[in-house]
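Asker: Just one file: data03.txt, with compact mmCIF, C-alpha atoms.
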# COMPACT_ATOMS: atom_id res chain seq x y z
CA MET J 1 -41.07 -237.82 79.55
CA ALA J 2 -40.55 -241.45 80.48
CA SER J 3 -41.87 -244.08 78.10
CA GLN J 4 -40.86 -247.52 76.96
CA VAL J 5 -42.80 -249.99 74.84
CA ALA J 6 -41.70 -253.59 75.03
CA LEU J 7 -41.13 -254.84 71.48
CA THR J 8 -37.91 -256.84 71.75
CA GLY J 9 -35.84 -258.30 74.53
CA GLY J 10 -33.56 -261.11 75.61
CA ILE J 11 -34.68 -263.59 78.26
CA TYR J 12 -31.94 -266.10 79.11
CA VAL J 13 -32.41 -268.95 81.56
CA GLY J 14 -29.35 -271.10 81.95
CA ASN J 15 -28.50 -272.35 78.46
CA ALA J 16 -31.88 -271.44 77.00
CA ASP J 17 -32.88 -268.25 75.24
CA VAL J 18 -36.62 -268.22 75.86
CA SER J 19 -37.21 -264.86 74.19
CA THR J 20 -39.02 -266.23 71.16
CA TYR J 21 -41.34 -268.25 73.40
CA THR J 22 -42.07 -265.47 75.85
CA ASP J 23 -44.74 -262.81 75.73
CA ASP J 24 -44.76 -261.82 79.39
CA VAL J 25 -41.90 -261.47 81.81
CA MET J 26 -41.78 -260.10 85.33
CA VAL J 27 -38.30 -259.42 86.67
CA GLY J 28 -39.29 -259.01 90.29
CA PRO J 29 -40.75 -257.93 92.40
CA MET J 30 -37.51 -257.40 94.17
CA THR J 31 -38.39 -256.69 97.77
CA ILE J 32 -36.74 -255.47 100.92
CA ASP J 33 -38.22 -256.66 104.18
CA MET J 34 -38.93 -253.66 106.40
CA LYS J 35 -38.33 -254.23 110.11
CA PRO J 36 -40.31 -252.12 112.57
CA PHE J 37 -38.72 -250.77 115.73
CA PRO J 38 -41.26 -248.39 117.33
CA ASN J 39 -40.09 -246.94 120.59
CA TYR J 40 -41.16 -244.38 123.16
CA GLY J 41 -39.01 -241.81 121.43
CA SER J 42 -40.63 -242.09 118.00
CA GLY J 43 -43.30 -239.49 118.68
CA GLY J 44 -46.20 -241.82 118.10
CA ASN J 45 -44.90 -242.82 114.67
CA MET J 46 -43.95 -246.23 113.36
CA VAL J 47 -40.27 -246.41 112.47
CA PHE J 48 -38.60 -248.95 110.20
CA LYS J 49 -35.21 -250.13 109.05
CA PRO J 50 -34.61 -252.06 105.82
CA GLY J 51 -33.82 -255.77 106.15
CA LEU J 52 -33.26 -258.63 103.75
CA PHE J 53 -33.54 -258.53 99.97
CA ALA J 54 -35.53 -261.12 98.03
CA MET J 55 -36.26 -261.57 94.34
CA SER J 56 -38.28 -263.73 91.99
CA VAL J 57 -38.83 -263.89 88.25
CA GLN J 58 -41.91 -265.04 86.35
CA VAL J 59 -41.79 -265.90 82.66
CA SER J 60 -44.67 -267.10 80.51
CA GLY J 61 -45.55 -267.55 76.89
CA ALA J 62 -46.06 -270.18 74.23
CA ASN J 63 -44.49 -273.59 74.59
CA ASP J 64 -42.81 -275.65 71.86
CA TYR J 65 -42.37 -279.41 72.06
CA ALA J 66 -40.13 -279.80 69.00
CA ALA J 67 -36.66 -281.28 69.40
CA ALA J 68 -34.24 -278.80 70.96
CA ALA J 69 -37.08 -276.32 71.48
CA LEU J 70 -38.29 -274.82 74.74
CA ASP J 71 -39.78 -277.87 76.42
CA ALA J 72 -36.64 -279.88 75.72
CA THR J 73 -34.66 -277.45 77.87
CA ILE J 74 -37.11 -275.97 80.38
CA ASN J 75 -39.57 -278.50 81.75
CA VAL J 76 -40.74 -279.97 85.00
CA GLY J 77 -37.68 -282.24 85.01
CA ASN J 78 -35.49 -279.16 85.48
CA ALA J 79 -37.35 -277.99 88.54
CA ARG J 80 -35.01 -277.40 91.49
CA THR J 81 -32.11 -276.74 89.11
CA GLN J 82 -30.12 -273.62 89.81
CA TYR J 83 -29.69 -271.36 86.77
CA PRO J 84 -28.30 -267.92 86.05
CA PHE J 85 -30.97 -265.66 84.63
CA SER J 86 -30.58 -262.55 82.51
CA ALA J 87 -33.25 -260.24 81.14
CA VAL J 88 -32.55 -257.53 78.59
CA PRO J 89 -35.40 -255.05 78.04
CA GLY J 90 -35.10 -254.12 74.38
CA ILE J 91 -35.32 -250.57 73.06
CA GLY J 92 -37.93 -250.52 70.32
CA LEU J 93 -36.82 -252.88 67.56
CA THR J 94 -33.11 -252.14 67.94
CA ALA J 95 -30.89 -255.21 68.18
CA ILE J 96 -29.37 -255.92 71.57
CA ALA J 97 -25.88 -254.47 71.87
CA ALA J 98 -23.08 -254.46 74.40
CA GLY J 99 -23.81 -251.94 77.10
CA ASP J 100 -27.60 -252.35 76.93
CA ARG J 101 -29.40 -252.57 80.25
CA ALA J 102 -29.68 -256.07 81.68
CA TYR J 103 -30.91 -257.56 84.93
CA LEU J 104 -29.24 -260.69 86.19
CA THR J 105 -29.56 -263.07 89.06
CA ARG J 106 -29.28 -266.74 89.88
CA GLY J 107 -31.96 -268.92 91.34
CA PHE J 108 -33.82 -272.17 91.41
CA LEU J 109 -36.33 -273.07 88.74
CA GLN J 110 -39.66 -273.63 90.44
CA ALA J 111 -43.35 -273.57 89.75
CA VAL J 112 -42.88 -274.94 86.24
CA GLN J 113 -46.23 -275.02 84.49
CA ALA J 114 -46.65 -276.86 81.20
CA GLY J 115 -49.85 -275.47 79.76
CA PRO J 116 -52.57 -274.33 79.78
CA PHE J 117 -53.79 -276.81 77.20
CA GLN J 118 -56.99 -275.60 75.66
CA ILE J 119 -58.33 -276.99 72.44
CA GLY J 120 -57.77 -274.62 69.56
CA GLU J 121 -55.52 -272.33 71.60
CA ILE J 122 -51.79 -271.77 71.83
CA VAL J 123 -50.22 -274.08 74.40
CA GLY J 124 -48.72 -271.98 77.13
CA TYR J 125 -45.93 -272.32 79.62
CA GLN J 126 -44.87 -270.52 82.77
CA PHE J 127 -42.09 -270.83 85.25
CA ASN J 128 -40.75 -268.96 88.24
CA ILE J 129 -37.21 -268.53 89.42
CA THR J 130 -36.63 -267.68 93.05
CA GLY J 131 -33.37 -265.84 93.44
CA ASP J 132 -30.82 -267.14 95.91
CA THR J 133 -28.31 -264.36 95.49
CA ALA J 134 -28.21 -260.69 94.55
CA GLY J 135 -30.45 -259.24 91.87
CA VAL J 136 -28.19 -257.01 89.83
CA ARG J 137 -28.92 -254.11 87.53
CA GLY J 138 -26.19 -254.59 84.96
CA VAL J 139 -25.43 -254.49 81.28
CA VAL J 140 -24.94 -256.77 78.30
CA GLY J 141 -21.26 -257.61 78.15
CA ALA J 142 -21.46 -259.79 75.07
CA PRO J 143 -24.75 -259.78 73.12
CA ARG J 144 -25.98 -263.16 71.99
CA ALA J 145 -24.19 -264.17 68.80
CA VAL J 146 -22.77 -267.21 67.05
CA ARG J 147 -19.00 -266.77 67.13
CA SER J 148 -16.20 -268.76 65.57
CA SER J 149 -13.35 -266.58 66.75
CA THR J 150 -12.18 -264.84 69.88
CA LEU J 151 -14.32 -261.95 71.06
CA THR J 152 -12.72 -258.89 72.61
CA GLY J 153 -15.81 -257.18 73.83
CA THR J 154 -16.77 -253.53 73.95
CA ALA J 155 -15.25 -251.57 76.81
CA ILE J 156 -18.14 -250.52 79.03
CA ALA J 157 -17.78 -247.65 81.46
CA LEU J 158 -18.83 -249.03 84.83
CA ALA J 159 -17.26 -247.74 87.99
CA GLY J 160 -16.48 -249.96 90.92
CA PRO J 161 -17.02 -252.25 92.64
CA SER J 162 -16.04 -250.45 95.78
CA SER J 163 -15.08 -252.26 98.95
CA SER J 164 -18.77 -252.66 99.80
CA GLN J 165 -19.81 -253.88 96.34
CA ASN J 166 -19.27 -256.89 94.10
CA LEU J 167 -19.02 -257.56 90.38
CA TYR J 168 -21.45 -260.24 89.20
CA ALA J 169 -21.62 -261.98 85.81
CA ALA J 170 -23.67 -264.61 84.01
CA LEU J 171 -22.61 -266.77 81.07
CA HIS J 172 -25.25 -268.33 78.82
CA VAL J 173 -24.12 -270.79 76.11
CA PHE J 174 -26.98 -271.73 73.81
CA ALA J 175 -25.55 -273.95 71.08
CA THR J 176 -22.39 -275.15 69.38
CA THR J 177 -21.36 -276.61 66.06
CA GLY J 178 -18.25 -278.67 65.53
CA SER J 179 -15.84 -279.05 68.45
CA PRO J 180 -15.23 -275.61 69.91
CA THR J 181 -13.94 -274.48 73.26
CA LEU J 182 -14.78 -271.18 74.92
CA ASP J 183 -13.02 -269.48 77.80
CA VAL J 184 -14.81 -266.34 78.99
CA VAL J 185 -13.40 -263.77 81.36
CA VAL J 186 -14.69 -260.41 82.54
CA GLN J 187 -11.82 -257.95 82.65
CA SER J 188 -11.41 -254.53 84.22
CA ASP J 189 -9.04 -251.65 83.54
CA ASP J 190 -8.67 -248.02 84.45
CA ALA J 191 -8.79 -246.80 80.85
CA VAL J 192 -11.13 -247.41 77.94
CA GLY J 193 -8.32 -248.77 75.77
CA PHE J 194 -7.60 -251.56 78.27
CA PRO J 195 -3.82 -251.11 78.31
CA SER J 196 -3.44 -253.34 81.35
CA PRO J 197 -6.50 -255.51 81.80
CA THR J 198 -7.08 -257.68 84.85
CA ALA J 199 -9.32 -260.72 84.73
CA ARG J 200 -11.88 -260.37 87.52
CA ILE J 201 -14.30 -263.20 86.78
CA THR J 202 -13.17 -266.35 84.96
CA PHE J 203 -15.73 -268.89 83.85
CA ALA J 204 -15.00 -272.59 83.45
CA GLN J 205 -14.38 -273.65 79.88
CA ALA J 206 -17.43 -274.49 77.79
CA THR J 207 -17.17 -277.11 75.06
CA SER J 208 -19.54 -278.89 72.74
CA THR J 209 -20.56 -281.12 75.65
CA VAL J 210 -23.82 -279.82 77.08
CA ASN J 211 -23.24 -279.52 80.81
CA ALA J 212 -23.35 -277.01 83.65
CA ASN J 213 -20.50 -275.07 82.02
CA TRP J 214 -23.08 -273.87 79.50
CA TYR J 215 -24.75 -271.77 82.21
CA GLN J 216 -22.56 -270.24 84.87
CA TRP J 217 -22.91 -267.59 87.54
CA GLY J 218 -19.49 -266.08 88.10
CA THR J 219 -18.15 -265.92 91.63
CA PRO J 220 -18.74 -262.33 92.76
CA VAL J 221 -15.61 -260.31 93.29
CA GLY J 222 -15.17 -256.84 94.72
CA ASN J 223 -13.04 -253.91 95.73
CA PHE J 224 -11.32 -252.61 92.63
CA ALA J 225 -12.85 -249.15 92.73
CA ALA J 226 -9.99 -247.54 90.80
CA GLU J 227 -11.06 -249.34 87.63
CA THR J 228 -13.31 -247.49 85.23
CA HIS J 229 -14.18 -249.99 82.52
CA LEU J 230 -15.20 -253.61 82.17
CA ARG J 231 -15.31 -255.88 79.14
CA VAL J 232 -15.85 -259.49 78.16
CA VAL J 233 -13.19 -261.53 76.41
CA GLY J 234 -14.32 -264.86 74.97
CA THR J 235 -11.33 -266.91 73.82
CA PHE J 236 -12.34 -269.33 71.10
CA GLY J 237 -10.58 -272.61 70.45
CA GLY J 238 -11.09 -275.73 68.38
CA THR J 239 -13.36 -275.77 65.36
CA GLY J 240 -16.91 -274.86 64.58
CA SER J 241 -18.81 -272.14 66.42
CA ILE J 242 -20.41 -271.31 69.74
CA ASP J 243 -23.53 -269.26 70.43
CA TYR J 244 -23.39 -267.39 73.73
CA ALA J 245 -24.16 -264.22 75.68
CA VAL J 246 -22.67 -262.63 78.80
CA THR J 247 -24.17 -260.12 81.20
CA PHE J 248 -22.51 -258.44 84.18
CA GLY J 249 -23.14 -255.73 86.73
CA VAL J 250 -22.00 -254.14 89.96
CA LEU J 251 -24.00 -254.09 93.14
CA MET X 1 -69.02 -228.25 96.34
CA ALA X 2 -65.47 -229.53 96.78
CA SER X 3 -63.61 -230.61 93.66
CA PHE X 4 -60.07 -230.69 92.34
CA VAL X 5 -58.65 -232.17 89.15
CA ALA X 6 -55.06 -233.35 89.33
CA LEU X 7 -53.27 -231.98 86.28
CA THR X 8 -49.81 -230.96 87.48
CA ALA X 9 -49.30 -232.84 90.73
CA MET X 10 -45.66 -232.74 91.69
CA SER X 11 -43.57 -235.51 93.25
CA LEU X 12 -40.06 -234.69 94.37
CA SER X 13 -37.44 -236.91 95.94
CA GLY X 14 -34.00 -236.43 97.41
CA THR X 15 -31.56 -237.92 99.83
CA ALA X 16 -30.71 -234.83 101.86
CA TRP X 17 -32.86 -232.34 103.72
CA THR X 18 -32.43 -228.70 104.66
CA GLY X 19 -34.20 -227.92 107.91
CA THR X 20 -35.73 -230.42 110.31
CA ALA X 21 -36.25 -233.53 108.26
CA PRO X 22 -39.16 -235.96 108.36
CA GLY X 23 -38.37 -239.51 109.41
CA ASP X 24 -36.66 -240.79 112.52
CA PRO X 25 -36.72 -240.38 115.47
CA GLY X 26 -40.37 -239.41 114.92
CA SER X 27 -40.74 -236.85 117.70
CA GLN X 28 -39.39 -233.86 115.77
CA THR X 29 -41.36 -230.94 114.30
CA VAL X 30 -40.70 -231.11 110.59
CA SER X 31 -39.81 -228.05 108.52
CA GLY X 32 -37.74 -227.21 105.47
CA THR X 33 -37.23 -228.76 102.07
CA ILE X 34 -35.36 -231.42 100.15
CA THR X 35 -31.87 -230.07 99.49
CA SER X 36 -31.48 -231.25 95.91
CA THR X 37 -34.58 -232.64 94.26
CA THR X 38 -35.30 -235.18 91.56
CA ASP X 39 -38.64 -234.52 89.94
CA TRP X 40 -40.69 -237.66 89.35
CA SER X 41 -43.65 -235.76 87.91
CA SER X 42 -43.04 -236.56 84.22
CA TRP X 43 -42.59 -240.24 85.08
CA SER X 44 -45.64 -240.61 87.31
CA THR X 45 -49.08 -241.70 86.25
CA SER X 46 -50.31 -242.14 89.81
CA VAL X 47 -49.23 -241.21 93.30
CA SER X 48 -51.01 -242.38 96.40
CA MET X 49 -50.39 -242.00 100.10
CA ASP X 50 -52.06 -244.05 102.79
CA PRO X 51 -51.53 -242.50 106.23
CA LYS X 52 -53.27 -244.42 108.97
CA LEU X 53 -53.52 -244.62 112.71
CA ALA X 54 -53.36 -247.92 114.48
CA GLU X 55 -56.56 -248.72 116.32
CA VAL X 56 -55.85 -249.75 119.88
CA GLU X 57 -58.83 -251.33 121.56
CA PHE X 58 -59.56 -250.96 125.27
CA THR X 59 -63.08 -252.31 125.41
CA ASN X 60 -63.99 -253.17 128.96
CA PHE X 61 -66.95 -254.32 131.03
CA GLY X 62 -67.81 -250.69 131.56
CA SER X 63 -68.10 -249.97 127.83
CA ASN X 64 -71.83 -250.60 127.95
CA GLY X 65 -71.78 -252.95 125.00
CA PHE X 66 -69.69 -250.72 122.73
CA LYS X 67 -66.19 -251.21 121.54
CA GLN X 68 -63.78 -248.50 122.51
CA PHE X 69 -60.58 -247.44 120.81
CA LYS X 70 -57.80 -244.97 121.11
CA PRO X 71 -55.52 -244.00 118.25
CA GLY X 72 -52.12 -245.63 118.35
CA LEU X 73 -49.06 -245.29 116.18
CA PHE X 74 -49.11 -243.30 112.96
CA GLU X 75 -47.98 -245.20 109.85
CA CYS X 76 -47.94 -244.42 106.14
CA ASP X 77 -47.28 -246.05 102.78
CA LEU X 78 -46.66 -244.32 99.46
CA THR X 79 -47.17 -245.89 96.06
CA PHE X 80 -45.93 -244.48 92.77
CA GLU X 81 -47.03 -245.81 89.38
CA LEU X 82 -44.37 -244.87 86.85
CA ASN X 83 -43.76 -245.17 83.15
CA GLN X 84 -40.44 -246.92 82.85
CA ASP X 85 -37.41 -245.42 81.12
CA TYR X 86 -33.96 -247.02 81.00
CA ALA X 87 -32.17 -243.93 79.64
CA SER X 88 -29.46 -242.24 81.65
CA SER X 89 -30.69 -240.32 84.69
CA GLN X 90 -34.24 -241.46 84.12
CA VAL X 91 -36.56 -243.80 86.00
CA ASP X 92 -34.54 -247.00 86.29
CA ALA X 93 -31.25 -245.21 86.91
CA THR X 94 -32.90 -243.19 89.70
CA ILE X 95 -34.94 -245.90 91.40
CA TRP X 96 -32.38 -248.71 91.36
CA PRO X 97 -29.70 -247.16 93.61
CA LEU X 98 -32.30 -245.91 96.07
CA PHE X 99 -33.75 -249.40 96.28
CA SER X 100 -30.68 -251.62 96.08
CA VAL X 101 -28.62 -249.64 98.58
CA ARG X 102 -31.64 -249.19 100.87
CA THR X 103 -31.20 -245.42 100.82
CA LEU X 104 -33.38 -243.35 103.12
CA THR X 105 -35.20 -241.07 100.68
CA TYR X 106 -37.21 -237.92 101.26
CA PHE X 107 -40.39 -237.27 99.30
CA ASP X 108 -42.33 -234.04 98.84
CA LEU X 109 -45.76 -234.39 97.24
CA LYS X 110 -47.89 -231.41 96.17
CA PRO X 111 -51.25 -231.21 94.37
CA THR X 112 -49.82 -228.80 91.74
CA ASN X 113 -46.36 -227.81 90.56
CA SER X 114 -46.71 -224.33 92.08
CA ALA X 115 -44.75 -223.26 95.10
CA ARG X 116 -45.71 -224.61 98.48
CA SER X 117 -48.50 -222.56 100.08
CA ALA X 118 -51.63 -222.81 102.17
CA THR X 119 -53.59 -223.76 99.04
CA ASN X 120 -50.81 -225.97 97.64
CA PRO X 121 -49.51 -227.82 100.68
CA SER X 122 -46.61 -230.25 100.62
CA VAL X 123 -46.84 -233.55 102.38
CA VAL X 124 -43.31 -234.65 103.19
CA PHE X 125 -42.05 -238.07 104.16
CA ALA X 126 -38.91 -240.08 104.71
CA GLY X 127 -38.96 -243.71 103.68
CA TYR X 128 -37.47 -246.67 101.91
CA ILE X 129 -38.42 -248.14 98.55
CA THR X 130 -39.45 -251.64 99.56
CA SER X 131 -40.03 -253.27 96.20
CA TYR X 132 -38.99 -252.69 92.61
CA ASN X 133 -39.91 -254.46 89.42
CA PRO X 134 -37.64 -253.04 86.72
CA PHE X 135 -38.93 -255.13 83.83
CA GLY X 136 -42.38 -256.63 84.03
CA VAL X 137 -44.34 -256.40 80.84
CA LYS X 138 -46.27 -258.14 78.11
CA VAL X 139 -44.84 -257.72 74.64
CA GLY X 140 -46.28 -254.65 72.92
CA ASP X 141 -47.31 -252.98 76.14
CA ALA X 142 -45.83 -249.92 77.75
CA VAL X 143 -43.34 -250.82 80.41
CA VAL X 144 -44.59 -249.57 83.76
CA THR X 145 -43.45 -250.14 87.28
CA THR X 146 -45.01 -249.75 90.72
CA VAL X 147 -42.75 -248.34 93.40
CA PRO X 148 -43.97 -248.71 96.99
CA VAL X 149 -42.36 -246.71 99.78
CA LYS X 150 -42.53 -247.55 103.49
CA VAL X 151 -42.53 -244.32 105.45
CA THR X 152 -40.56 -244.27 108.68
CA GLY X 153 -40.97 -241.84 111.54
CA ALA X 154 -42.60 -238.44 111.37
CA PHE X 155 -44.30 -237.07 108.28
CA ALA X 156 -45.89 -233.68 107.94
CA ARG X 157 -48.10 -231.34 105.94
CA LEU X 158 -46.23 -228.13 105.24
CA THR X 159 -47.60 -224.89 103.79
CA SER X 160 -44.35 -222.94 103.85
Here is the file; what I need is its structure written in the form of structure tokens.
Answerer:
Amino acid sequence: MASQVALTGGIYVGNADVSTYTDDVMVGPMTIDMKPFPNYGSGGNMVFKPGLFAMSVQVSGANDYAAAALDATINVGNARTQYPFSAVPGIGLTAIAAGDRAYLTRGFLQAVQAGPFQIGEIVGYQFNITGDTAGVRGVVGAPRAVRSSTLTGTAIALAGPSSSQNLYAALHVFATTGSPTLDVVVQSDDAVGFPSPTARITFAQATSTVNANWYQWGTPVGNFAAETHLRVVGTFGGTGSIDYAVTFGVL
Amino acid sequence: MASFVALTAMSLSGTAWTGTAPGDPGSQTVSGTITSTTDWSSWSTSVSMDPKLAEVEFTNFGSNGFKQFKPGLFECDLTFELNQDYASSQVDATIWPLFSVRTLTYFDLKPTNSARSATNPSVVFAGYITSYNPFGVKVGDAVVTTVPVKVTGAFARLTS
């Protein structure tokens, strides 16, 4: 019997984890435009073929105007900015782990609403992201964590992509201390032990400088169907620590 | 007095058909069953179908002040309301590939989970899932999803 109660989750927009500000998230609707082609041979019935895919995301909750809080990162000034987006529907109160279900896409921040402002009430916020690429049902490659050493992530069984599919990935860097560097790759191999890994998606290096390298949508890559497993490797350099998460999936 | 309480309504899906399948081209006489079924019944809180005929007007100066119509093309939409489940082989794992790959899917809907019969007819369709919201919820609520299906071509009511 299917059932799922939303108690925890991860909502990542660019370099912001908005989970603790969010009480309502809508990943979708994802839609496919149906194209009619009725003809004299269709027996009096409408006939359709599937067309283009489109996707949007709506997130809302309670705003926070403190330094380095939500409004400092997601506000009307960021409208029109292109961000990777990842949503992880939590399972009960269990902490997010590698391999957990995640949905990822990339899109433009739009319809940013600061408010409502109502005396005596929690100040709200809401924003939409309109996807400009695939919407991918994927997994958590690296759960959000503060790391001060290299991560060799959990090997996740995920077949493909075939010649008609692509591997997609999103990197979200939330904070740093000190002067670290981070080089993240998504690797594939044909065995769980990763005896001969191949880097499939390589993100630009993130450092303590807050810039677009803190939120990256990996260039999709496809056609390595013989591989059976994927994993994230985050190579740490410098000093201090870096707080990040990675999601990936095949479509 | 007509009455029926839906307690065990059955919704089946599949991607292959044995017999003459519903769907395109639309002129065929449908018979048979889904080859290998996935049962949506334990996921579903609501199933609705909306078959309709297009109204084609031909009102003319001889209609004596009345509008006149003939039935046009047949069209149908299905809507499933499901409790979400991200476990293996459950709701999300089933719906996503059908939606993302735009797979033509067959549906067989019956008022009870008994075998197809004159008093438990199947209505069978072929269609595409046109929209999917895998994660849309307020914290603390049950995660549910609405799955609309656009039916293409012929659909039929079968009693055997």
Asker: Define the interface residues of chain J facing chain X as those within 6 Å, counting all atoms listed in the file, and report them as a list in words.
Answerer: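 Interface list for chain J against chain X: Met1, Ala2, Ser3, Gln4, Val5, Ala6, Leu7, Asp23, Asp24, Val25, Met26, Val27, Gly28, Pro29, Met30, Thr31, Ile32, Ser42, Gly43, Gly44, Asn45, Met46, Val47 and Phe48 of chain J.
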Asker: Report the distance between atom CA of Val112 of chain J and atom CA of Ser60 of chain J in Å, rounded to one decimal place.
Answerer: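 Pair atom CA of Val112 of chain J / atom CA of Ser60 of chain J returns 9.9 Å.
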Asker: Using all atoms listed in the file, determine which residues lie at most 6 Å from Ser56 of chain J, disregarding the query and same-chain residues fewer than 4 positions distant; provide the list as a count of residues only.
Answerer: 4
Asker: Report, in Å to a single decimal, how far apart atom CA of Ile74 of chain J and atom CA of Arg144 of chain J are.
Answerer: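 Atom-to-atom, atom CA of Arg144 of chain J to atom CA of Ile74 of chain J, that is 18.9 Å.
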Asker: If we count only C-alpha atoms, what is near Gly141 of chain J at a cut-off of 10 Å, once residues fewer than 3 positions away on the same chain are taken out, given as a PyMOL selection string?
Answerer: chain J and resi 97-102+138+144+153-156+169-171+186+230-233+245-249
Asker: Can you work out which one of X:Ser13, X:Ser114, X:Thr8, X:Thr94 has the shortest atom-to-atom distance to Ala126 of chain X, counting all atoms listed in the file?
Answerer: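 Ranked by minimum distance to Ala126 of chain X, first place goes to X:Ser13.
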Asker: For a test of reading the model, state the distance in Å between atom CA of Ala87 of chain J and atom CA of Gly9 of chain J, rounded to one decimal.
Answerer: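 The value is 7.4 Å.
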Asker: List the residues sitting within 8 Å of (-22.7, -264.6, 91.9) in the file's frame, using all atoms listed in the file, as a list in words.
Answerer: Thr105, Arg106, Thr133, Ala134, Tyr168, Ala169, Ala170, Trp217, Gly218, Thr219 and Pro220 of chain J
Asker: Write out as a CSV table (one decimal) with C-alpha atoms, keeping the file's coordinate frame each polymer residue whose atoms come within 9 Å of segment 116-123 of chain X, counting only C-alpha atoms; drop sequence neighbours fewer than 6 positions from it.
Answerer:
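Okay, result16.csv is ready:
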chain,number,residue,atom,x,y,z
X,107,PHE,CA,-40.4,-237.3,99.3
X,108,ASP,CA,-42.3,-234.0,98.8
X,109,LEU,CA,-45.8,-234.4,97.2
X,110,LYS,CA,-47.9,-231.4,96.2
X,155,PHE,CA,-44.3,-237.1,108.3
X,156,ALA,CA,-45.9,-233.7,107.9
X,157,ARG,CA,-48.1,-231.3,105.9
X,158,LEU,CA,-46.2,-228.1,105.2
X,159,THR,CA,-47.6,-224.9,103.8
X,160,SER,CA,-44.4,-222.9,103.8
Asker: So that I can see what lies close to Ala204 of chain J, please list as a list in words the residues with an atom at most 10 Å from it, counting only C-alpha atoms and leaving out residues fewer than 4 positions away in the same chain.
Answerer: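 These residues fall inside the cut-off: Leu171, Leu182, Asp183, Val184, Val185, Ala212, Asn213, Trp214, Tyr215, Gln216 and Gly218 of chain J.
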Asker: Which residues, written as a count of residues only, have at least one atom at most 9 Å from Phe69 of chain X, with only C-alpha atoms counted and residues fewer than 5 positions away on the same chain left out?
Answerer: 5
Asker: Which residue is closest to Ala145 of chain J? Choose from J:Gly234, J:Pro36, J:Gly107, J:Gly51 and count all atoms listed in the file.
Answerer: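 Among the listed residues, J:Gly234 lies closest to Ala145 of chain J.
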Asker: Place N, CA, C and O atoms on segment 115-125 of chain J and deliver the coordinates as an mmCIF file, keeping the file's coordinate frame.
Answerer:
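Okay, part_3.cif is ready:
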data_model
loop_
_atom_site.group_PDB
_atom_site.id
_atom_site.type_symbol
_atom_site.label_atom_id
_atom_site.label_comp_id
_atom_site.auth_asym_id
_atom_site.auth_seq_id
_atom_site.Cartn_x
_atom_site.Cartn_y
_atom_site.Cartn_z
ATOM 1 N N GLY J 115 -48.455 -275.752 80.064
ATOM 2 C CA GLY J 115 -49.850 -275.470 79.760
ATOM 3 C C GLY J 115 -50.135 -274.006 80.037
ATOM 4 O O GLY J 115 -49.228 -273.243 80.332
ATOM 5 N N PRO J 116 -51.338 -273.538 79.897
ATOM 6 C CA PRO J 116 -52.570 -274.330 79.780
ATOM 7 C C PRO J 116 -52.723 -275.005 78.416
ATOM 8 O O PRO J 116 -52.207 -274.539 77.428
ATOM 9 N N PHE J 117 -53.412 -276.109 78.428
ATOM 10 C CA PHE J 117 -53.790 -276.810 77.200
ATOM 11 C C PHE J 117 -55.268 -276.600 76.991
ATOM 12 O O PHE J 117 -56.086 -277.102 77.750
ATOM 13 N N GLN J 118 -55.585 -275.849 75.954
ATOM 14 C CA GLN J 118 -56.990 -275.600 75.660
ATOM 15 C C GLN J 118 -57.199 -275.809 74.172
ATOM 16 O O GLN J 118 -56.467 -275.223 73.355
ATOM 17 N N ILE J 119 -58.163 -276.612 73.831
ATOM 18 C CA ILE J 119 -58.330 -276.990 72.440
ATOM 19 C C ILE J 119 -58.478 -275.756 71.561
ATOM 20 O O ILE J 119 -59.213 -274.813 71.885
ATOM 21 N N GLY J 120 -57.711 -275.733 70.485
ATOM 22 C CA GLY J 120 -57.770 -274.620 69.560
ATOM 23 C C GLY J 120 -56.936 -273.426 69.956
ATOM 24 O O GLY J 120 -56.869 -272.443 69.217
ATOM 25 N N GLU J 121 -56.290 -273.475 71.114
ATOM 26 C CA GLU J 121 -55.520 -272.330 71.600
ATOM 27 C C GLU J 121 -54.035 -272.641 71.635
ATOM 28 O O GLU J 121 -53.626 -273.806 71.635
ATOM 29 N N ILE J 122 -53.240 -271.620 71.691
ATOM 30 C CA ILE J 122 -51.790 -271.770 71.830
ATOM 31 C C ILE J 122 -51.499 -272.439 73.180
ATOM 32 O O ILE J 122 -52.052 -272.035 74.213
ATOM 33 N N VAL J 123 -50.620 -273.429 73.147
ATOM 34 C CA VAL J 123 -50.220 -274.080 74.400
ATOM 35 C C VAL J 123 -49.262 -273.170 75.141
ATOM 36 O O VAL J 123 -48.285 -272.686 74.572
ATOM 37 N N GLY J 124 -49.542 -272.925 76.379
ATOM 38 C CA GLY J 124 -48.720 -271.980 77.130
ATOM 39 C C GLY J 124 -47.667 -272.660 77.981
ATOM 40 O O GLY J 124 -47.561 -273.890 78.033
ATOM 41 N N TYR J 125 -46.880 -271.848 78.616
ATOM 42 C CA TYR J 125 -45.930 -272.320 79.620
ATOM 43 C C TYR J 125 -45.714 -271.175 80.606
ATOM 44 O O TYR J 125 -45.961 -270.020 80.301
#
